[in-house]
$ cat final15.txt   # compact mmCIF, C-alpha atoms
# COMPACT_ATOMS: atom_id res chain seq x y z
CA MET A 1 21.43 13.69 13.22
CA PHE A 2 20.71 10.13 14.34
CA GLU A 3 24.25 8.83 14.78
CA ASP A 4 23.97 8.83 18.59
CA LEU A 5 20.77 6.79 18.32
CA LYS A 6 22.43 4.33 15.94
CA TYR A 7 25.38 3.88 18.31
CA GLY A 8 23.17 3.64 21.41
CA ILE A 9 24.57 6.74 23.14
CA CYS A 10 21.40 8.82 23.25
CA PRO A 11 18.90 9.39 26.05
CA GLN A 12 16.74 6.36 26.60
CA VAL A 13 13.09 7.07 25.87
CA CYS A 14 10.26 4.67 26.52
CA PHE A 15 6.57 5.53 26.21
CA MET A 16 3.26 3.88 25.44
CA ILE A 17 0.65 5.41 23.17
CA ASN A 18 -2.60 3.82 22.12
CA GLY A 19 -1.48 0.45 23.49
CA HIS A 20 1.81 0.39 21.57
CA GLN A 21 5.24 0.58 23.20
CA TYR A 22 7.84 2.96 21.68
CA THR A 23 11.49 2.94 22.66
CA HIS A 24 12.82 5.98 20.81
CA GLY A 25 11.96 9.67 20.81
CA TYR A 26 10.82 11.61 17.78
CA TYR A 27 11.10 15.06 16.22
CA LEU A 28 8.27 17.20 14.85
CA THR A 29 9.16 18.11 11.28
CA ASP A 30 7.64 19.60 8.19
CA GLY A 31 7.10 17.91 4.85
CA ILE A 32 10.64 18.26 3.49
CA TYR A 33 11.99 15.46 5.68
CA PRO A 34 11.83 11.73 4.90
CA LYS A 35 9.14 9.56 6.47
CA TRP A 36 11.27 7.95 9.17
CA SER A 37 10.20 6.40 12.46
CA THR A 38 11.93 9.20 14.40
CA LEU A 39 10.20 12.06 12.55
CA VAL A 40 6.53 13.08 12.72
CA GLN A 41 4.89 15.22 10.06
CA CYS A 42 1.41 16.58 9.44
CA TYR A 43 -1.03 14.64 7.29
CA ARG A 44 -0.86 16.17 3.81
CA HIS A 45 -4.37 15.18 2.72
CA PRO A 46 -6.58 14.44 5.73
CA PRO A 47 -9.92 12.78 4.99
CA ALA A 48 -12.89 15.09 4.54
CA GLY A 49 -15.87 15.44 6.87
CA ALA A 50 -16.25 13.97 10.33
CA LEU A 51 -13.69 11.26 9.59
CA GLY A 52 -11.00 13.88 9.07
CA ARG A 53 -11.61 15.81 12.28
CA SER A 54 -8.98 13.87 14.25
CA TYR A 55 -6.48 14.34 11.42
CA ARG A 56 -7.08 18.10 11.27
CA HIS A 57 -6.89 18.33 15.06
CA PHE A 58 -3.56 16.49 15.01
CA ASN A 59 -2.21 18.80 12.29
CA THR A 60 -3.27 21.90 14.25
CA ALA A 61 -1.68 20.65 17.49
CA LYS A 62 1.54 19.62 15.73
CA ILE A 63 1.86 22.95 13.94
CA ALA A 64 1.32 24.77 17.25
CA ALA A 65 4.06 22.71 18.90
CA ARG A 66 6.48 23.39 16.03
CA LYS A 67 5.71 27.11 16.33
CA ASP A 68 6.67 26.91 20.00
CA VAL A 69 10.02 25.39 19.03
CA ASP A 70 10.53 28.04 16.33
CA ARG A 71 9.75 30.76 18.88
CA ALA A 72 12.18 29.19 21.34
CA PHE A 73 15.00 29.35 18.82
CA GLY A 74 13.95 32.91 18.00
CA ILE A 75 14.25 33.80 21.68
CA LEU A 76 17.64 32.10 21.93
CA LYS A 77 18.81 33.93 18.83
CA TRP A 78 17.59 37.26 20.18
CA LYS A 79 18.51 36.78 23.82
CA PHE A 80 21.71 34.76 23.67
CA ALA A 81 22.89 35.32 20.05
CA ILE A 82 23.90 31.65 19.97
CA ILE A 83 22.63 30.64 16.57
CA CYS A 84 23.22 33.88 14.67
CA GLY A 85 26.69 33.16 13.36
CA PRO A 86 27.80 31.29 10.25
CA TYR A 87 28.24 27.55 10.68
CA ARG A 88 30.19 26.62 7.57
CA GLY A 89 33.43 26.42 9.55
CA LEU A 90 32.02 24.16 12.25
CA SER A 91 32.06 20.40 12.21
CA PRO A 92 28.78 18.46 12.36
CA ARG A 93 29.66 17.52 15.97
CA GLU A 94 30.10 21.19 16.95
CA ILE A 95 26.79 22.10 15.31
CA HIS A 96 25.12 19.21 17.14
CA LYS A 97 26.52 20.39 20.49
CA THR A 98 25.41 23.97 19.78
CA MET A 99 21.85 22.84 19.09
CA LEU A 100 21.85 20.74 22.27
CA ILE A 101 22.96 23.80 24.23
CA CYS A 102 20.10 25.79 22.67
CA ILE A 103 17.61 23.11 23.66
CA ILE A 104 18.97 22.92 27.21
CA LEU A 105 18.83 26.70 27.60
CA TYR A 106 15.30 26.78 26.28
CA ASN A 107 14.24 24.02 28.67
CA MET A 108 15.80 25.95 31.53
CA VAL A 109 13.81 29.04 30.55
CA ILE A 110 10.60 27.01 30.34
CA GLN A 111 11.31 25.32 33.68
CA GLU A 112 11.86 28.64 35.39
CA THR A 113 8.79 30.19 33.75
CA ARG A 114 6.40 27.37 34.50
CA ARG A 115 7.85 26.31 37.86
CA ASP A 116 6.42 22.88 37.19
CA SER A 117 6.92 20.51 40.11
CA GLU A 118 6.73 17.50 37.77
CA TRP A 119 9.69 18.62 35.65
CA THR A 120 11.87 15.66 34.67
CA GLU A 121 15.18 15.70 32.94
CA ILE A 122 16.31 12.93 30.62
CA GLN A 123 19.83 11.79 31.44
CA PRO A 124 21.69 10.19 28.53
CA GLN A 125 23.41 6.88 29.11
CA ARG A 126 26.76 7.15 27.38
CA GLY A 127 28.90 4.39 26.01
CA VAL A 128 26.26 1.72 25.46
CA PRO A 129 27.04 0.41 21.96
CA ALA A 130 24.21 -0.39 19.58
CA ARG A 131 23.83 -4.13 19.00
CA ASN A 132 23.56 -3.67 15.30
CA TYR A 133 24.19 -0.36 13.56
CA ALA A 134 22.54 -1.51 10.31
CA GLN A 135 19.50 -2.81 12.20
CA MET A 136 19.06 0.55 13.96
CA THR A 137 19.45 2.38 10.64
CA ASN A 138 16.68 0.18 9.18
CA TYR A 139 14.50 0.90 12.21
CA ILE A 140 14.95 4.67 11.86
CA GLN A 141 14.18 4.62 8.14
CA ASN A 142 11.20 2.25 8.45
CA GLN A 143 8.09 3.94 7.00
CA ASN A 144 5.73 1.42 8.65
CA PHE A 145 6.97 2.52 12.08
CA TYR A 146 6.59 6.13 10.94
CA ASP A 147 2.94 5.54 9.97
CA SER A 148 2.23 3.63 13.18
CA LEU A 149 3.71 6.32 15.47
CA ARG A 150 1.94 9.16 13.69
CA ASP A 151 -1.42 7.35 13.76
CA ASP A 152 -0.99 6.44 17.43
CA LEU A 153 -0.17 10.05 18.28
CA ARG A 154 -3.22 11.25 16.32
CA VAL A 155 -5.59 8.77 17.95
CA ASN A 156 -4.24 9.52 21.42
CA LEU A 157 -4.46 13.28 20.94
CA TRP A 158 -8.01 12.99 19.65
CA ALA A 159 -9.03 10.74 22.56
CA GLU A 160 -7.59 13.12 25.15
CA HIS A 161 -8.30 16.56 23.70
CA GLY A 162 -10.12 16.42 20.38
CA ARG A 163 -13.72 16.02 21.36
CA GLN A 164 -13.76 19.06 23.64

$ encode --input "final15.txt" --output "structure tokens"
Amino acid sequence: MFEDLKYGICPQVCFMINGHQYTHGYYLTDGIYPKWSTLVQCYRHPPAGALGRSYRHFNTAKIAARKDVDRAFGILKWKFAIICGPYRGLSPREIHKTMLICIILYNMVIQETRRDSEWTEIQPQRGVPARNYAQMTNYIQNQNFYDSLRDDLRVNLWAEHGRQ
């Protein structure tokens, strides 16, 4: 799933949250995935009381976003019948391309539905080799970066939307 990132042939992403600079995108996942810097999960045991309000708000927002993605794939499955078939005969590369097509189609549907004038499309830069494959693997699997990203996302979400 992260081979393109390790080889440096993925879309370049750069964003700042809570005063920290991040140079890689992330996926919203559930609790079955490892705690990697490119995956964001809910907090399993948020603190109780007022202290835990930002944690619970983050969990609620993240679950809502994942439901949107699940619905999108449901629509693609129903409308385009793309992801209905068996995949055992396909290579990992073919499965990867199929999922990218699903995401692109979904984004096209959202773009047409919202008619958002600020729509931006990320263009991948191909053929830029990673400086150090092992170093990128360590970055992806770094739990400290995972904790930092998740906390920054929680704090930012709470600051922008949580107190309303």

$ residues_around --input "final15.txt" --residues "segment 14-19 of chain A" --least-positions-apart "6" --cutoff "9 Å" --atoms "all atoms listed in the file" --output "ChimeraX atom specification"
/A:25,149,152-153,155-156

$ atom_distance --input "final15.txt" --atom1 "atom CA of Tyr26 of chain A" --atom2 "atom CA of Ile140 of chain A"
10.0 Å

$ closest_residue --input "final15.txt" --among "A:Leu51, A:Leu100, A:Leu90, A:Ile63" --to "Trp158 of chain A" --atoms "all atoms listed in the file"
A:Leu51

$ closest_residue --input "final15.txt" --among "A:Ile95, A:Tyr33, A:Ile103, A:His57" --to "Ile75 of chain A" --atoms "all atoms listed in the file"
A:Ile103

$ atom_distance --input "final15.txt" --atom1 "atom CA of Gly31 of chain A" --atom2 "atom CA of Arg66 of chain A"
12.5 Å

$ build_atoms --input "final15.txt" --residues "segment 30-55 of chain A" --atoms "N, CA, C and O atoms" --output "mmCIF file, in the coordinates of the input"
data_model
loop_
_atom_site.group_PDB
_atom_site.id
_atom_site.type_symbol
_atom_site.label_atom_id
_atom_site.label_comp_id
_atom_site.auth_asym_id
_atom_site.auth_seq_id
_atom_site.Cartn_x
_atom_site.Cartn_y
_atom_site.Cartn_z
ATOM 1 N N ASP A 30 8.565 19.237 9.263
ATOM 2 C CA ASP A 30 7.640 19.600 8.190
ATOM 3 C C ASP A 30 7.818 18.610 7.047
ATOM 4 O O ASP A 30 8.527 17.619 7.172
ATOM 5 N N GLY A 31 7.177 18.873 5.940
ATOM 6 C CA GLY A 31 7.100 17.910 4.850
ATOM 7 C C GLY A 31 8.360 17.695 4.038
ATOM 8 O O GLY A 31 8.379 16.841 3.164
ATOM 9 N N ILE A 32 9.436 18.436 4.293
ATOM 10 C CA ILE A 32 10.640 18.260 3.490
ATOM 11 C C ILE A 32 11.502 17.091 3.957
ATOM 12 O O ILE A 32 12.414 16.690 3.277
ATOM 13 N N TYR A 33 11.190 16.544 5.125
ATOM 14 C CA TYR A 33 11.990 15.460 5.680
ATOM 15 C C TYR A 33 11.449 14.103 5.243
ATOM 16 O O TYR A 33 10.279 13.974 4.920
ATOM 17 N N PRO A 34 12.305 13.074 5.285
ATOM 18 C CA PRO A 34 11.830 11.730 4.900
ATOM 19 C C PRO A 34 10.857 11.180 5.950
ATOM 20 O O PRO A 34 10.817 11.647 7.088
ATOM 21 N N LYS A 35 10.099 10.203 5.569
ATOM 22 C CA LYS A 35 9.140 9.560 6.470
ATOM 23 C C LYS A 35 9.856 8.458 7.243
ATOM 24 O O LYS A 35 9.810 7.293 6.874
ATOM 25 N N TRP A 36 10.522 8.866 8.323
ATOM 26 C CA TRP A 36 11.270 7.950 9.170
ATOM 27 C C TRP A 36 10.570 7.789 10.496
ATOM 28 O O TRP A 36 9.798 8.648 10.925
ATOM 29 N N SER A 37 10.873 6.709 11.197
ATOM 30 C CA SER A 37 10.200 6.400 12.460
ATOM 31 C C SER A 37 10.527 7.390 13.569
ATOM 32 O O SER A 37 9.862 7.407 14.593
ATOM 33 N N THR A 38 11.530 8.217 13.390
ATOM 34 C CA THR A 38 11.930 9.200 14.400
ATOM 35 C C THR A 38 11.481 10.615 14.049
ATOM 36 O O THR A 38 11.854 11.566 14.727
ATOM 37 N N LEU A 39 10.701 10.750 12.995
ATOM 38 C CA LEU A 39 10.200 12.060 12.550
ATOM 39 C C LEU A 39 8.688 11.995 12.415
ATOM 40 O O LEU A 39 8.151 11.004 11.943
ATOM 41 N N VAL A 40 7.997 13.042 12.823
ATOM 42 C CA VAL A 40 6.530 13.080 12.720
ATOM 43 C C VAL A 40 6.139 14.322 11.952
ATOM 44 O O VAL A 40 6.544 15.434 12.301
ATOM 45 N N GLN A 41 5.351 14.122 10.914
ATOM 46 C CA GLN A 41 4.890 15.220 10.060
ATOM 47 C C GLN A 41 3.366 15.311 10.097
ATOM 48 O O GLN A 41 2.691 14.385 10.527
ATOM 49 N N CYS A 42 2.866 16.419 9.591
ATOM 50 C CA CYS A 42 1.410 16.580 9.440
ATOM 51 C C CYS A 42 0.907 15.621 8.361
ATOM 52 O O CYS A 42 1.673 15.150 7.523
ATOM 53 N N TYR A 43 -0.384 15.396 8.372
ATOM 54 C CA TYR A 43 -1.030 14.640 7.290
ATOM 55 C C TYR A 43 -1.231 15.619 6.140
ATOM 56 O O TYR A 43 -1.830 16.675 6.310
ATOM 57 N N ARG A 44 -0.748 15.275 4.969
ATOM 58 C CA ARG A 44 -0.860 16.170 3.810
ATOM 59 C C ARG A 44 -2.287 16.297 3.312
ATOM 60 O O ARG A 44 -2.731 17.371 2.959
ATOM 61 N N HIS A 45 -3.004 15.193 3.234
ATOM 62 C CA HIS A 45 -4.370 15.180 2.720
ATOM 63 C C HIS A 45 -5.280 14.448 3.692
ATOM 64 O O HIS A 45 -5.614 13.278 3.467
ATOM 65 N N PRO A 46 -5.695 15.120 4.775
ATOM 66 C CA PRO A 46 -6.580 14.440 5.730
ATOM 67 C C PRO A 46 -7.935 14.152 5.094
ATOM 68 O O PRO A 46 -8.377 14.879 4.195
ATOM 69 N N PRO A 47 -8.594 13.088 5.534
ATOM 70 C CA PRO A 47 -9.920 12.780 4.990
ATOM 71 C C PRO A 47 -10.901 13.927 5.243
ATOM 72 O O PRO A 47 -10.756 14.690 6.191
ATOM 73 N N ALA A 48 -11.895 14.025 4.415
ATOM 74 C CA ALA A 48 -12.890 15.090 4.540
ATOM 75 C C ALA A 48 -13.963 14.692 5.558
ATOM 76 O O ALA A 48 -14.099 13.526 5.927
ATOM 77 N N GLY A 49 -14.718 15.671 6.003
ATOM 78 C CA GLY A 49 -15.870 15.440 6.870
ATOM 79 C C GLY A 49 -15.494 15.042 8.273
ATOM 80 O O GLY A 49 -14.407 15.324 8.768
ATOM 81 N N ALA A 50 -16.428 14.358 8.937
ATOM 82 C CA ALA A 50 -16.250 13.970 10.330
ATOM 83 C C ALA A 50 -15.062 13.028 10.506
ATOM 84 O O ALA A 50 -14.372 13.075 11.524
ATOM 85 N N LEU A 51 -14.811 12.189 9.519
ATOM 86 C CA LEU A 51 -13.690 11.260 9.590
ATOM 87 C C LEU A 51 -12.355 11.997 9.713
ATOM 88 O O LEU A 51 -11.449 11.549 10.399
ATOM 89 N N GLY A 52 -12.251 13.133 9.078
ATOM 90 C CA GLY A 52 -11.000 13.880 9.070
ATOM 91 C C GLY A 52 -10.783 14.805 10.248
ATOM 92 O O GLY A 52 -9.729 15.426 10.350
ATOM 93 N N ARG A 53 -11.751 14.877 11.155
ATOM 94 C CA ARG A 53 -11.610 15.810 12.280
ATOM 95 C C ARG A 53 -10.393 15.496 13.147
ATOM 96 O O ARG A 53 -9.665 16.397 13.556
ATOM 97 N N SER A 54 -10.139 14.224 13.421
ATOM 98 C CA SER A 54 -8.980 13.870 14.250
ATOM 99 C C SER A 54 -7.673 14.188 13.527
ATOM 100 O O SER A 54 -6.693 14.589 14.151
ATOM 101 N N TYR A 55 -7.666 14.029 12.208
ATOM 102 C CA TYR A 55 -6.480 14.340 11.420
ATOM 103 C C TYR A 55 -6.201 15.850 11.443
ATOM 104 O O TYR A 55 -5.071 16.283 11.625
#
